[in-house]
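Data from query-v4.cif: mmCIF, C-alpha atoms and all ligand atoms
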```cif
data_entry
loop_
_atom_site.label_atom_id
_atom_site.label_comp_id
_atom_site.auth_asym_id
_atom_site.auth_seq_id
_atom_site.Cartn_x
_atom_site.Cartn_y
_atom_site.Cartn_z
CA MET U 1022 94.65 -2.80 70.49
CA ALA U 1023 92.18 -0.07 69.46
CA ILE U 1024 90.05 1.33 72.26
CA SER U 1025 86.36 1.15 71.40
CA PRO U 1026 84.56 4.52 71.43
CA VAL U 1027 82.40 5.55 74.36
CA ARG U 1028 78.86 4.38 73.62
CA VAL U 1029 76.09 6.75 74.70
CA ALA U 1030 72.44 5.70 74.77
CA ILE U 1031 70.24 8.75 74.16
CA ILE U 1032 66.62 8.43 75.28
CA GLY U 1033 64.49 10.52 72.90
CA GLY U 1034 64.78 11.51 69.26
CA GLY U 1035 63.55 15.11 69.48
CA ILE U 1036 65.73 18.07 68.53
CA ILE U 1037 67.71 17.84 71.77
CA GLY U 1038 68.57 14.13 71.53
CA SER U 1039 69.18 14.28 67.78
CA LEU U 1040 71.50 17.29 67.71
CA THR U 1041 73.41 16.01 70.74
CA ALA U 1042 73.89 12.64 69.01
CA TRP U 1043 75.49 14.36 66.04
CA ARG U 1044 77.84 16.38 68.25
CA LEU U 1045 78.81 13.28 70.26
CA LYS U 1046 79.66 11.49 67.03
CA GLN U 1047 81.80 14.43 65.94
CA LEU U 1048 83.76 14.04 69.17
CA GLY U 1049 84.46 10.40 68.37
CA MET U 1050 81.81 8.83 70.57
CA GLN U 1051 79.24 6.28 69.52
CA PRO U 1052 75.70 7.54 70.17
CA VAL U 1053 72.59 5.42 69.79
CA ILE U 1054 69.18 7.13 69.87
CA ILE U 1055 66.28 5.19 71.31
CA GLU U 1056 62.92 6.69 70.37
CA ARG U 1057 59.55 5.52 71.68
CA GLY U 1058 57.69 6.52 68.51
CA ARG U 1059 59.13 8.01 65.34
CA MET U 1060 62.02 10.47 65.33
CA GLY U 1061 61.09 14.12 65.83
CA CYS U 1062 57.31 13.85 65.93
CA GLU U 1063 56.61 15.43 69.30
CA SER U 1064 57.27 18.90 70.74
CA SER U 1065 60.23 19.57 68.45
CA TRP U 1066 57.97 19.13 65.43
CA ALA U 1067 55.03 21.07 66.90
CA GLY U 1068 56.86 24.21 68.03
CA ALA U 1069 56.74 27.60 66.34
CA GLY U 1070 60.49 27.87 65.78
CA ILE U 1071 60.88 31.38 67.20
CA LEU U 1072 64.54 31.83 68.12
CA CYS U 1073 63.96 34.10 71.08
CA PRO U 1074 62.49 33.44 74.52
CA ILE U 1075 59.00 34.84 75.04
CA GLN U 1076 60.03 37.43 77.67
CA PRO U 1077 63.75 36.98 78.25
CA TRP U 1078 63.93 39.78 80.82
CA LEU U 1079 61.99 37.59 83.27
CA TYR U 1080 64.74 34.94 83.38
CA PRO U 1081 67.98 34.81 85.39
CA ASP U 1082 71.03 36.25 83.62
CA ASP U 1083 72.64 32.82 83.16
CA PHE U 1084 69.70 31.86 80.99
CA SER U 1085 70.26 34.92 78.77
CA HIS U 1086 73.95 33.98 78.43
CA LEU U 1087 72.91 30.47 77.38
CA VAL U 1088 70.42 31.86 74.85
CA ASN U 1089 72.95 34.26 73.37
CA ALA U 1090 75.52 31.50 72.98
CA SER U 1091 72.96 29.24 71.32
CA LEU U 1092 71.57 31.80 68.89
CA ALA U 1093 75.09 32.75 67.83
CA MET U 1094 75.51 29.16 66.60
CA TYR U 1095 72.43 29.15 64.35
CA PRO U 1096 73.80 30.86 61.22
CA GLU U 1097 76.63 28.34 60.90
CA LEU U 1098 74.50 25.38 61.99
CA GLN U 1099 71.80 26.06 59.41
CA GLN U 1100 74.39 26.45 56.66
CA GLU U 1101 76.10 23.23 57.70
CA LEU U 1102 72.77 21.38 57.79
CA THR U 1103 71.68 22.73 54.42
CA SER U 1104 74.90 21.82 52.68
CA LEU U 1105 75.14 18.34 54.24
CA SER U 1106 71.50 17.33 53.95
CA GLY U 1107 70.22 19.40 51.04
CA ILE U 1108 67.32 20.49 53.29
CA SER U 1109 67.14 24.10 54.45
CA PRO U 1110 65.70 24.67 57.95
CA GLU U 1111 64.59 28.06 56.58
CA TRP U 1112 66.43 30.09 59.20
CA LEU U 1113 65.02 33.53 58.54
CA GLN U 1114 65.73 36.83 60.28
CA SER U 1115 62.19 38.12 60.01
CA GLY U 1116 62.63 40.28 63.12
CA LEU U 1117 60.35 40.37 66.12
CA MET U 1118 57.79 43.08 66.84
CA VAL U 1119 56.08 43.55 70.19
CA PRO U 1120 53.23 46.05 69.64
CA PHE U 1121 51.51 47.98 72.43
CA PHE U 1122 47.78 48.61 72.75
CA PRO U 1123 45.73 50.87 75.05
CA ASP U 1124 44.08 47.86 76.74
CA ASP U 1125 47.34 45.99 77.53
CA LYS U 1126 47.32 44.66 81.08
CA VAL U 1127 51.11 44.80 81.53
CA ASN U 1128 53.65 47.15 79.97
CA HIS U 1129 56.96 45.37 79.34
CA LYS U 1130 58.60 48.20 77.47
CA GLN U 1131 61.15 49.43 79.99
CA ALA U 1132 62.11 45.93 81.14
CA ALA U 1133 62.53 44.87 77.52
CA LEU U 1134 64.69 47.89 76.65
CA ASP U 1135 66.90 47.41 79.73
CA TRP U 1136 67.38 43.71 78.99
CA SER U 1137 68.17 44.37 75.32
CA GLN U 1138 70.85 46.87 76.26
CA ARG U 1139 72.42 44.57 78.86
CA PHE U 1140 72.51 41.57 76.52
CA GLN U 1141 73.32 43.55 73.39
CA TRP U 1142 70.26 42.84 71.33
CA PRO U 1143 69.69 45.70 68.84
CA VAL U 1144 66.17 47.09 69.35
CA ALA U 1145 64.17 49.94 67.78
CA GLU U 1146 61.39 51.88 69.43
CA LEU U 1147 58.56 52.79 67.02
CA ASP U 1148 55.71 55.25 67.45
CA ALA U 1149 52.19 54.51 66.21
CA GLU U 1150 52.79 55.91 62.74
CA GLN U 1151 56.05 54.00 62.27
CA VAL U 1152 54.39 50.80 63.46
CA HIS U 1153 51.80 51.00 60.71
CA HIS U 1154 54.44 51.71 58.15
CA HIS U 1155 56.42 48.61 59.21
CA GLU U 1156 53.46 46.31 59.86
CA PRO U 1157 50.36 47.62 58.02
CA LEU U 1158 48.07 44.79 59.16
CA LEU U 1159 48.22 45.73 62.85
CA ALA U 1160 45.06 47.16 64.44
CA GLY U 1161 44.63 50.94 64.16
CA ASP U 1162 44.85 51.60 67.91
CA THR U 1163 48.45 50.36 68.25
CA THR U 1164 50.26 52.95 70.33
CA GLY U 1165 53.80 51.92 69.42
CA ALA U 1166 56.09 48.90 69.34
CA LEU U 1167 59.54 47.54 69.97
CA VAL U 1168 61.30 45.76 67.11
CA TRP U 1169 64.27 43.43 67.38
CA PRO U 1170 65.44 43.19 63.74
CA ASP U 1171 67.89 40.32 64.30
CA VAL U 1172 65.42 37.82 65.74
CA ALA U 1173 65.15 34.76 63.53
CA GLN U 1174 62.92 31.73 63.12
CA VAL U 1175 63.26 28.22 61.74
CA ARG U 1176 60.70 25.77 60.39
CA ASN U 1177 60.82 22.92 62.86
CA PRO U 1178 59.85 20.01 60.56
CA ARG U 1179 62.57 21.11 58.12
CA LEU U 1180 65.15 21.53 60.86
CA LEU U 1181 64.40 18.01 62.09
CA ALA U 1182 64.43 16.53 58.58
CA ALA U 1183 67.84 18.10 57.96
CA VAL U 1184 69.29 16.84 61.27
CA HIS U 1185 67.89 13.33 60.75
CA THR U 1186 69.34 13.17 57.24
CA VAL U 1187 72.74 14.04 58.69
CA LEU U 1188 72.35 11.37 61.38
CA GLN U 1189 71.75 8.82 58.62
CA GLN U 1190 74.76 10.05 56.64
CA GLN U 1191 76.90 9.76 59.76
CA GLN U 1192 75.56 6.24 60.30
CA ILE U 1193 74.36 7.11 63.78
CA GLU U 1194 72.30 4.27 65.14
CA VAL U 1195 68.62 5.04 65.67
CA ILE U 1196 66.17 2.59 67.21
CA GLU U 1197 62.55 3.69 66.70
CA GLN U 1198 59.34 2.30 68.22
CA ALA U 1199 61.34 1.39 71.31
CA GLU U 1200 60.29 2.71 74.71
CA VAL U 1201 62.88 2.94 77.46
CA THR U 1202 61.43 1.77 80.76
CA GLY U 1203 64.47 1.43 83.01
CA LEU U 1204 68.22 1.58 83.42
CA ILE U 1205 70.83 -1.14 83.52
CA GLU U 1206 73.15 -0.47 86.45
CA VAL U 1207 76.29 -2.40 87.26
CA ALA U 1208 78.10 -1.64 90.52
CA ASP U 1209 76.91 1.97 90.87
CA GLN U 1210 77.50 2.70 87.20
CA VAL U 1211 74.71 3.25 84.68
CA ALA U 1212 75.42 0.74 81.92
CA GLY U 1213 72.54 1.06 79.49
CA VAL U 1214 68.77 1.01 79.21
CA GLU U 1215 65.98 -1.54 79.29
CA LEU U 1216 63.18 -1.41 76.75
CA ALA U 1217 59.48 -2.16 77.16
CA ASP U 1218 59.80 -5.10 74.75
CA GLY U 1219 62.38 -6.77 76.99
CA ARG U 1220 65.48 -5.78 75.04
CA SER U 1221 68.53 -4.28 76.74
CA ILE U 1222 70.80 -1.68 75.12
CA HIS U 1223 74.25 -1.56 76.72
CA ALA U 1224 76.14 1.73 76.86
CA ASP U 1225 78.87 3.48 78.83
CA ALA U 1226 76.59 6.45 79.55
CA VAL U 1227 72.92 7.37 79.18
CA LEU U 1228 71.45 10.74 78.26
CA LEU U 1229 67.85 11.39 79.24
CA ALA U 1230 66.40 13.64 76.51
CA ALA U 1231 62.82 12.43 76.52
CA GLY U 1232 61.17 15.88 76.48
CA SER U 1233 57.90 16.05 78.42
CA TRP U 1234 58.12 12.39 79.29
CA SER U 1235 61.44 12.82 81.10
CA GLY U 1236 59.79 13.47 84.49
CA ARG U 1237 57.75 10.28 84.31
CA LEU U 1238 60.72 8.18 83.25
CA ALA U 1239 62.93 9.81 85.88
CA GLU U 1240 60.45 8.82 88.56
CA ALA U 1241 60.48 5.23 87.28
CA ILE U 1242 64.26 5.12 87.62
CA GLY U 1243 64.27 6.74 91.05
CA ILE U 1244 65.41 10.30 90.38
CA SER U 1245 63.57 13.54 90.99
CA LEU U 1246 63.19 15.59 87.81
CA PRO U 1247 60.08 17.77 87.87
CA VAL U 1248 59.44 17.94 84.13
CA GLN U 1249 55.76 18.08 83.21
CA PRO U 1250 53.91 18.59 79.93
CA VAL U 1251 52.58 22.07 79.18
CA LYS U 1252 50.32 21.68 76.19
CA GLY U 1253 50.50 24.24 73.39
CA GLN U 1254 48.02 24.49 70.52
CA ILE U 1255 48.78 26.14 67.18
CA VAL U 1256 46.59 27.20 64.25
CA LEU U 1257 48.13 27.43 60.78
CA LEU U 1258 46.81 30.06 58.38
CA GLN U 1259 47.49 30.63 54.71
CA SER U 1260 47.80 34.25 53.63
CA GLU U 1261 49.60 36.22 50.94
CA PRO U 1262 53.40 35.89 51.25
CA GLY U 1263 54.76 39.06 52.86
CA SER U 1264 51.39 40.15 54.25
CA LEU U 1265 52.83 39.91 57.76
CA ARG U 1266 56.46 40.98 57.84
CA HIS U 1267 57.66 40.28 61.39
CA ILE U 1268 57.05 37.72 64.06
CA VAL U 1269 54.48 39.62 66.11
CA LYS U 1270 54.27 38.81 69.79
CA HIS U 1271 51.72 40.00 72.33
CA ASP U 1272 50.69 38.69 75.75
CA SER U 1273 47.55 37.20 74.20
CA ALA U 1274 49.18 35.33 71.24
CA TYR U 1275 52.02 35.30 68.75
CA PHE U 1276 52.02 35.21 64.95
CA VAL U 1277 54.87 33.76 62.91
CA PRO U 1278 54.95 34.48 59.17
CA ARG U 1279 56.73 31.93 56.96
CA ASN U 1280 58.20 32.81 53.57
CA ASP U 1281 55.45 31.03 51.66
CA GLY U 1282 52.55 32.96 53.24
CA HIS U 1283 51.81 30.50 56.03
CA ILE U 1284 51.25 32.17 59.40
CA LEU U 1285 51.40 30.26 62.67
CA VAL U 1286 49.10 31.49 65.42
CA GLY U 1287 50.12 30.28 68.84
CA ALA U 1288 50.04 29.08 71.44
CA SER U 1289 48.00 27.97 74.41
CA MET U 1290 49.62 27.19 77.77
CA GLU U 1291 47.74 24.32 79.39
CA MET U 1292 48.45 22.07 82.35
CA VAL U 1293 46.22 19.18 81.27
CA GLY U 1294 48.66 16.29 81.48
CA PHE U 1295 49.11 14.37 78.22
CA LYS U 1296 45.57 15.09 76.98
CA ALA U 1297 46.07 15.45 73.23
CA GLY U 1298 43.96 17.26 70.61
CA ASN U 1299 42.87 20.78 69.74
CA THR U 1300 40.01 22.35 71.66
CA VAL U 1301 37.33 24.85 70.65
CA VAL U 1302 38.09 27.18 73.54
CA GLU U 1303 41.85 27.51 72.96
CA VAL U 1304 41.56 27.79 69.18
CA GLN U 1305 38.84 30.42 69.59
CA THR U 1306 40.97 32.37 72.10
CA MET U 1307 43.89 32.48 69.66
CA LEU U 1308 41.70 33.48 66.72
CA ASN U 1309 40.07 36.21 68.82
CA ALA U 1310 43.55 37.57 69.55
CA LEU U 1311 44.28 37.46 65.82
CA THR U 1312 41.20 39.46 64.83
CA ARG U 1313 41.80 41.93 67.69
CA LEU U 1314 45.48 42.57 66.91
CA LEU U 1315 45.71 41.84 63.19
CA PRO U 1316 42.19 42.38 61.83
CA GLY U 1317 43.57 42.43 58.30
CA LEU U 1318 44.24 38.69 58.60
CA GLY U 1319 40.58 37.89 59.27
CA ALA U 1320 40.19 36.71 55.67
CA ALA U 1321 43.17 34.32 55.78
CA SER U 1322 42.22 30.67 55.40
CA ILE U 1323 42.70 28.17 58.19
CA GLU U 1324 44.82 25.31 56.91
CA ARG U 1325 45.22 23.06 59.95
CA GLN U 1326 45.85 22.99 63.66
CA TRP U 1327 47.99 20.88 65.92
CA MET U 1328 49.42 20.75 69.40
CA GLY U 1329 52.46 19.57 71.30
CA PHE U 1330 53.65 19.04 74.85
CA ARG U 1331 56.37 21.43 75.97
CA PRO U 1332 58.71 19.90 78.55
CA GLY U 1333 57.92 22.36 81.35
CA THR U 1334 59.78 22.91 84.61
CA PRO U 1335 58.68 24.79 87.75
CA ASP U 1336 61.38 27.48 87.34
CA GLY U 1337 61.22 27.62 83.54
CA LEU U 1338 64.83 26.47 83.13
CA PRO U 1339 66.11 23.27 81.52
CA PHE U 1340 67.93 20.49 83.32
CA LEU U 1341 71.40 20.09 81.85
CA GLY U 1342 74.23 17.96 83.20
CA PRO U 1343 75.12 14.84 85.15
CA VAL U 1344 72.66 13.39 87.65
CA PRO U 1345 74.15 13.51 91.14
CA GLY U 1346 74.71 10.06 92.63
CA ARG U 1347 74.00 8.15 89.38
CA HIS U 1348 77.32 7.72 87.61
CA GLY U 1349 76.94 7.71 83.87
CA LEU U 1350 73.45 9.23 83.81
CA TRP U 1351 73.01 12.68 82.20
CA VAL U 1352 70.03 14.89 81.51
CA ALA U 1353 69.23 17.37 78.73
CA SER U 1354 65.56 18.04 79.17
CA GLY U 1355 62.93 20.51 80.40
CA HIS U 1356 63.62 23.12 77.71
CA TYR U 1357 60.00 24.17 78.00
CA ARG U 1358 59.26 27.08 75.62
CA ASN U 1359 62.85 27.41 74.38
CA GLY U 1360 64.05 24.01 73.20
CA VAL U 1361 64.58 24.94 69.57
CA ALA U 1362 66.35 28.17 70.50
CA LEU U 1363 68.54 26.32 73.01
CA ALA U 1364 69.22 23.13 71.01
CA PRO U 1365 72.61 24.16 69.52
CA ILE U 1366 74.18 25.16 72.85
CA THR U 1367 72.64 22.18 74.64
CA ALA U 1368 74.16 19.77 72.13
CA HIS U 1369 77.49 21.60 72.26
CA ILE U 1370 77.79 21.73 76.06
CA ILE U 1371 76.40 18.29 76.85
CA SER U 1372 78.49 16.47 74.24
CA ARG U 1373 81.71 18.13 75.41
CA TRP U 1374 80.85 17.67 79.06
CA MET U 1375 80.22 13.96 78.50
CA ASN U 1376 83.60 13.90 76.77
CA GLY U 1377 85.28 15.31 79.87
CA GLU U 1378 85.39 19.01 78.94
CA PRO U 1379 83.72 21.24 81.56
CA PRO U 1380 81.24 23.81 80.20
CA GLU U 1381 82.51 27.28 79.44
CA LEU U 1382 79.32 28.83 80.89
CA ASP U 1383 78.12 28.78 84.50
CA MET U 1384 75.66 25.88 84.59
CA SER U 1385 74.71 25.97 88.29
CA CYS U 1386 71.13 27.10 87.71
CA PHE U 1387 70.56 24.30 85.14
CA LEU U 1388 71.95 21.35 87.09
CA PRO U 1389 69.69 18.39 87.83
CA GLY U 1390 69.17 18.31 91.59
CA ARG U 1391 69.42 22.11 91.93
CA THR U 1392 67.36 23.98 94.49
CA MET U 1393 64.48 25.43 92.55
CA LEU U 1394 62.38 28.54 92.97
CA ALA U 1395 59.09 27.98 91.19
CA SER U 1396 57.97 30.93 89.07
CA ASP U 1397 54.51 31.28 87.55
CA LYS U 1398 55.90 33.87 85.14
CA ILE U 1399 58.42 31.62 83.41
CA GLY U 1400 57.64 28.23 84.95
CA PHE U 1401 54.37 26.30 84.97
CA PRO U 1402 51.32 28.49 84.26
CA VAL U 1403 49.14 29.13 87.30
CA ALA U 1404 45.68 28.47 85.99
CA ALA U 1405 44.94 25.03 84.60
CA SER U 1406 42.69 25.33 81.57
C1 LIG V 1501 53.15 24.79 70.59
C2 LIG V 1501 54.61 24.89 70.89
C3 LIG V 1501 55.32 26.02 70.51
C4 LIG V 1501 56.69 26.11 70.77
N1 LIG V 1501 57.38 27.16 70.28
C5 LIG V 1501 58.72 27.24 70.47
C6 LIG V 1501 59.45 28.29 69.90
O1 LIG V 1501 58.91 29.15 69.19
N2 LIG V 1501 60.81 28.33 70.11
C7 LIG V 1501 61.44 27.38 70.87
O2 LIG V 1501 62.67 27.47 71.04
N3 LIG V 1501 60.75 26.36 71.41
C8 LIG V 1501 59.41 26.27 71.24
N4 LIG V 1501 58.70 25.23 71.78
C9 LIG V 1501 59.38 24.32 72.70
C10 LIG V 1501 60.21 23.29 71.99
O3 LIG V 1501 59.49 22.73 70.94
C11 LIG V 1501 60.66 22.22 73.00
O4 LIG V 1501 61.30 22.80 74.11
C12 LIG V 1501 61.65 21.24 72.34
O5 LIG V 1501 61.12 20.73 71.16
C13 LIG V 1501 61.98 20.10 73.28
O6 LIG V 1501 62.75 19.17 72.55
P1 LIG V 1501 63.02 17.73 73.13
O7 LIG V 1501 63.87 17.02 72.16
O8 LIG V 1501 63.46 17.86 74.55
O9 LIG V 1501 61.54 17.08 73.25
P2 LIG V 1501 60.65 16.30 72.16
O10 LIG V 1501 60.70 16.91 70.84
O11 LIG V 1501 59.30 16.12 72.77
O12 LIG V 1501 61.38 14.91 72.04
C14 LIG V 1501 61.39 13.98 73.08
C15 LIG V 1501 61.31 12.60 72.44
O13 LIG V 1501 61.48 11.60 73.45
C16 LIG V 1501 60.68 10.49 73.11
N5 LIG V 1501 60.45 9.70 74.32
C17 LIG V 1501 59.70 10.04 75.39
N6 LIG V 1501 59.75 9.06 76.32
C18 LIG V 1501 60.54 8.08 75.81
C19 LIG V 1501 60.94 6.80 76.29
N7 LIG V 1501 60.56 6.35 77.49
N8 LIG V 1501 61.73 6.05 75.50
C20 LIG V 1501 62.15 6.49 74.28
N9 LIG V 1501 61.78 7.70 73.77
C21 LIG V 1501 60.99 8.47 74.54
C22 LIG V 1501 59.39 11.14 72.58
O14 LIG V 1501 58.65 10.24 71.80
C23 LIG V 1501 59.96 12.32 71.80
O15 LIG V 1501 60.14 12.02 70.43
C24 LIG V 1501 57.35 25.07 71.50
C25 LIG V 1501 56.63 23.94 71.86
C26 LIG V 1501 55.28 23.84 71.56
C27 LIG V 1501 54.55 22.58 71.93
#
```
Would you write out, as structure tokens, the structure that this file holds?
Ligand SMILES: Cc1cc2nc3c(=O)[nH]c(=O)nc-3n(C[C@H](O)[C@H](O)[C@H](O)COP(=O)(O)OP(=O)(O)OC[C@H]3O[C@@H](n4cnc5c(N)ncnc54)[C@H](O)[C@@H]3O)c2cc1C
Amino acid sequence: MAISPVRVAIIGGGIIGSLTAWRLKQLGMQPVIIERGRMGCESSWAGAGILCPIQPWLYPDDFSHLVNASLAMYPELQQELTSLSGISPEWLQSGLMVPFFPDDKVNHKQAALDWSQRFQWPVAELDAEQVHHHEPLLAGDTTGALVWPDVAQVRNPRLLAAVHTVLQQQQIEVIEQAEVTGLIEVADQVAGVELADGRSIHADAVLLAAGSWSGRLAEAIGISLPVQPVKGQIVLLQSEPGSLRHIVKHDSAYFVPRNDGHILVGASMEMVGFKAGNTVVEVQTMLNALTRLLPGLGAASIERQWMGFRPGTPDGLPFLGPVPGRHGLWVASGHYRNGVALAPITAHIISRWMNGEPPELDMSCFLPGRTMLASDKIGFPVAAS
């Protein structure tokens, strides 16, 4: 008699839940995604798609190992997605420039150079003249910059569209407009989820991948998982293609140029719960940073703005792995500012781990139930705005 495949109920159809579903299916398991709204319309859609943590030198080394492993998977993943789905996620090695200005409050240069050497990220140090040659739109008082030429970006909506097309092709079950409210547990074993509309979905294991909402749901099912929303607003500009050549990142804002001349200006960091919408103050702050750092973009047109809720954690690190004391319950959530960068390795590790293969990287600092040291540098921002 054939043994039926292990059925995994995945709570949340963002990039983490979706990519993990695909990997589980490739390992012969039977994933089902349960999504409260529509697939991929929350943080994973809203993000800027920069494939590099904001200041990686502030994180523990195990995080940098995780990032390196994930980014190494992107070239093959994007090719695979493009050829299977016909949709390109527009993975683009536009490079990342961090310019320096006389009025900078903090100088990250030495820390950035040390980290790049330790984790083998090629980096170039530019003086003021070279900066203007490489990025002519930057303000005239730039004193120099660091450039990481290998840093890439993706366009989140396209990445999600490609992944979701593949899920359809693979006949992976997706249940939309279905909110998970609780777990089914049979004799100490998690055996599925309960939905708000009264339905039950039975499964051999459950993966909590509900992004910013994971903390709330965890509380409802009696586990401690301090994931909270950190709101980020973005303004989309239209400029001439090629006018900005690199992703430009500064403490006050970042700017992400797409191939077609769109430029994303991001992003606020707000602890305001799930209060949606763009605000005058945050949009103005980002546009002030734009005109200060890249005055040449002052004439670009504003196309639209949006926001999303990053799944934040007090120590800035995701929760990855089995939940202690709840057999069959797993978590892949709290990716905060790095969920798109970390999606490939998350899907890889979690799917194999659920299949009985221990991770090849040290996961101790990502485990649910770990002892946490809150950090206002990489965890929740201090000031609520
Ligand atoms: C403005 C902004 C900029 C960002 N920039 C970057 C960047 O440049 N690079 C980077 O790597 N990351 C970036 N991020 C972070 C990144 O987008 C997130 O870490 C990542 O998308 C998290 O993915 P996720 O699948 O965990 O969450 P989500 O995409 O939020 O998906 C979670 C899903 O779970 C569903 N859900 C919630 N509760 C339930 C329930 N009870 N039942 C069923 N479904 C439920 C939600 O509806 C949602 O669709 C940014 C985020 C924002 C907001």
**OP:** Using only C-alpha atoms and all ligand atoms, find each protein or nucleic acid residue lying at most 6 Å from ligand LIG 1501 (chain V); present the set as a PyMOL selection string.
**Re:** chain U and resi 1032-1038+1055-1058+1060-1065+1067-1072+1199-1202+1230-1234+1253-1255+1288+1328-1332+1354+1356-1362
**OP:** Kindly indicate which residue among U:His1223, U:His1086, U:Arg1059, U:Arg1266 lies nearest to His1155 of chain U, using all atoms listed in the file for the distances.
**Re:**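 Under the stated criterion, the closest residue is U:Arg1266.
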Subject >> Contacts of Gln1326 of chain U within 10 Å, all atoms listed in the file, excl. fewer than 4 positions in-chain, as an NGL selection string >> reply: :U and (1067 or 1254-1258 or 1285-1287 or 1298-1300 or 1304)
**OP:** Considering all atoms listed in the file, state which residue in the set U:His1283, U:His1185, U:Lys1296, U:His1348 is at the smallest distance from Ile1205 of chain U.
**Re:**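 With all atoms listed in the file as the atom set, the closest residue is U:His1348.
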**OP:** Find the spatial neighbours of Trp1351 of chain U, counting all atoms listed in the file, within a cut-off of 8 Å - ignore same-chain residues fewer than 4 positions away - and output them as a PyMOL selection string.
**Re:** chain U and resi 1226-1229+1341-1344
Write out the residues from the selection above, keeping C-alpha atoms, as an mmCIF file, keeping the file's coordinate frame.
```cif
data_model
loop_
_atom_site.group_PDB
_atom_site.id
_atom_site.type_symbol
_atom_site.label_atom_id
_atom_site.label_comp_id
_atom_site.auth_asym_id
_atom_site.auth_seq_id
_atom_site.Cartn_x
_atom_site.Cartn_y
_atom_site.Cartn_z
ATOM 1 C CA ALA U 1226 76.590 6.450 79.550
ATOM 2 C CA VAL U 1227 72.920 7.370 79.180
ATOM 3 C CA LEU U 1228 71.450 10.740 78.260
ATOM 4 C CA LEU U 1229 67.850 11.390 79.240
ATOM 5 C CA LEU U 1341 71.400 20.090 81.850
ATOM 6 C CA GLY U 1342 74.230 17.960 83.200
ATOM 7 C CA PRO U 1343 75.120 14.840 85.150
ATOM 8 C CA VAL U 1344 72.660 13.390 87.650
#
```
**OP:** For Gln1192 of chain U, list every protein, DNA or RNA residue within 10 Å, evaluated using only C-alpha atoms, and leave out those in the same chain fewer than 6 positions away; present the list as a ChimeraX atom specification.
**Re:** /U:1043,1046,1051-1053,1186
Report as JSON lines the residues of segment 1244-1304 of chain U within 12 Å of segment 1126-1133 of chain U, each with its shortest atom pair and distance in Å (one decimal), using all atoms listed in the file, ordered by chain and increasing residue number.
```
{"residue": "U:Lys1270", "atom": "CA", "partner": "U:His1129", "partner_atom": "CA", "distance": 11.9}
{"residue": "U:His1271", "atom": "CA", "partner": "U:His1129", "partner_atom": "CA", "distance": 10.3}
{"residue": "U:Asp1272", "atom": "CA", "partner": "U:Val1127", "partner_atom": "CA", "distance": 8.4}
{"residue": "U:Ser1273", "atom": "CA", "partner": "U:Lys1126", "partner_atom": "CA", "distance": 10.2}
```
Original post:
Do you know which residues are at most 10 Å from Asp1083 of chain U counting all atoms listed in the file, after dropping those on the same chain fewer than 3 positions away, and could you put them as a list in words?
Top reply: Tyr1080, His1086, Leu1087, Val1088, Asn1089, Leu1382, Asp1383, Met1384, Ser1385, Cys1386 and Phe1387 of chain U
For segment 1141-1182 of chain U against segment 1112-1118 of chain U, with a cut-off of 6 Å and counting only C-alpha atoms, what is the closest atom pair and its distance in Å to one decimal for every residue that makes the cut, ordered by chain and number, as JSON lines?
```
{"residue": "U:Leu1167", "atom": "CA", "partner": "U:Met1118", "partner_atom": "CA", "distance": 5.7}
{"residue": "U:Val1168", "atom": "CA", "partner": "U:Met1118", "partner_atom": "CA", "distance": 4.4}
{"residue": "U:Trp1169", "atom": "CA", "partner": "U:Leu1117", "partner_atom": "CA", "distance": 5.1}
{"residue": "U:Pro1170", "atom": "CA", "partner": "U:Gly1116", "partner_atom": "CA", "distance": 4.1}
{"residue": "U:Asp1171", "atom": "CA", "partner": "U:Gly1116", "partner_atom": "CA", "distance": 5.4}
{"residue": "U:Val1172", "atom": "CA", "partner": "U:Gly1116", "partner_atom": "CA", "distance": 4.5}
{"residue": "U:Ala1173", "atom": "CA", "partner": "U:Gln1114", "partner_atom": "CA", "distance": 3.9}
{"residue": "U:Gln1174", "atom": "CA", "partner": "U:Leu1113", "partner_atom": "CA", "distance": 5.4}
{"residue": "U:Val1175", "atom": "CA", "partner": "U:Trp1112", "partner_atom": "CA", "distance": 4.5}
```
Original post:
Which residue out of U:Ser1235, U:Gln1047, U:Thr1312, U:Ser1039 has the minimum interatomic distance to Leu1181 of chain U when all atoms listed in the file are used?
Top reply: U:Ser1039
Original post:
Within 9 Å of Ala1090 of chain U, counting all atoms listed in the file, which residues qualify if same-chain residues fewer than 3 places away don't, as an MDAnalysis selection string?
Top reply: chainID U and resid 1085:1087 1093:1094 1363 1365:1366
Give me segment 1161-1165 of chain U with N, CA and C atoms filled in, as an mmCIF file, in the coordinates of the input.
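Once everything was written out, this is selection19.cif:
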```cif
data_model
loop_
_atom_site.group_PDB
_atom_site.id
_atom_site.type_symbol
_atom_site.label_atom_id
_atom_site.label_comp_id
_atom_site.auth_asym_id
_atom_site.auth_seq_id
_atom_site.Cartn_x
_atom_site.Cartn_y
_atom_site.Cartn_z
ATOM 1 N N GLY U 1161 44.433 49.493 64.229
ATOM 2 C CA GLY U 1161 44.630 50.940 64.160
ATOM 3 C C GLY U 1161 44.958 51.595 65.493
ATOM 4 N N ASP U 1162 44.611 50.941 66.617
ATOM 5 C CA ASP U 1162 44.850 51.600 67.910
ATOM 6 C C ASP U 1162 46.205 51.221 68.522
ATOM 7 N N THR U 1163 47.104 50.650 67.733
ATOM 8 C CA THR U 1163 48.450 50.360 68.250
ATOM 9 C C THR U 1163 49.107 51.679 68.664
ATOM 10 N N THR U 1164 49.662 51.698 69.858
ATOM 11 C CA THR U 1164 50.260 52.950 70.330
ATOM 12 C C THR U 1164 51.759 53.041 70.052
ATOM 13 N N GLY U 1165 52.358 51.943 69.679
ATOM 14 C CA GLY U 1165 53.800 51.920 69.420
ATOM 15 C C GLY U 1165 54.279 50.477 69.465
#
```
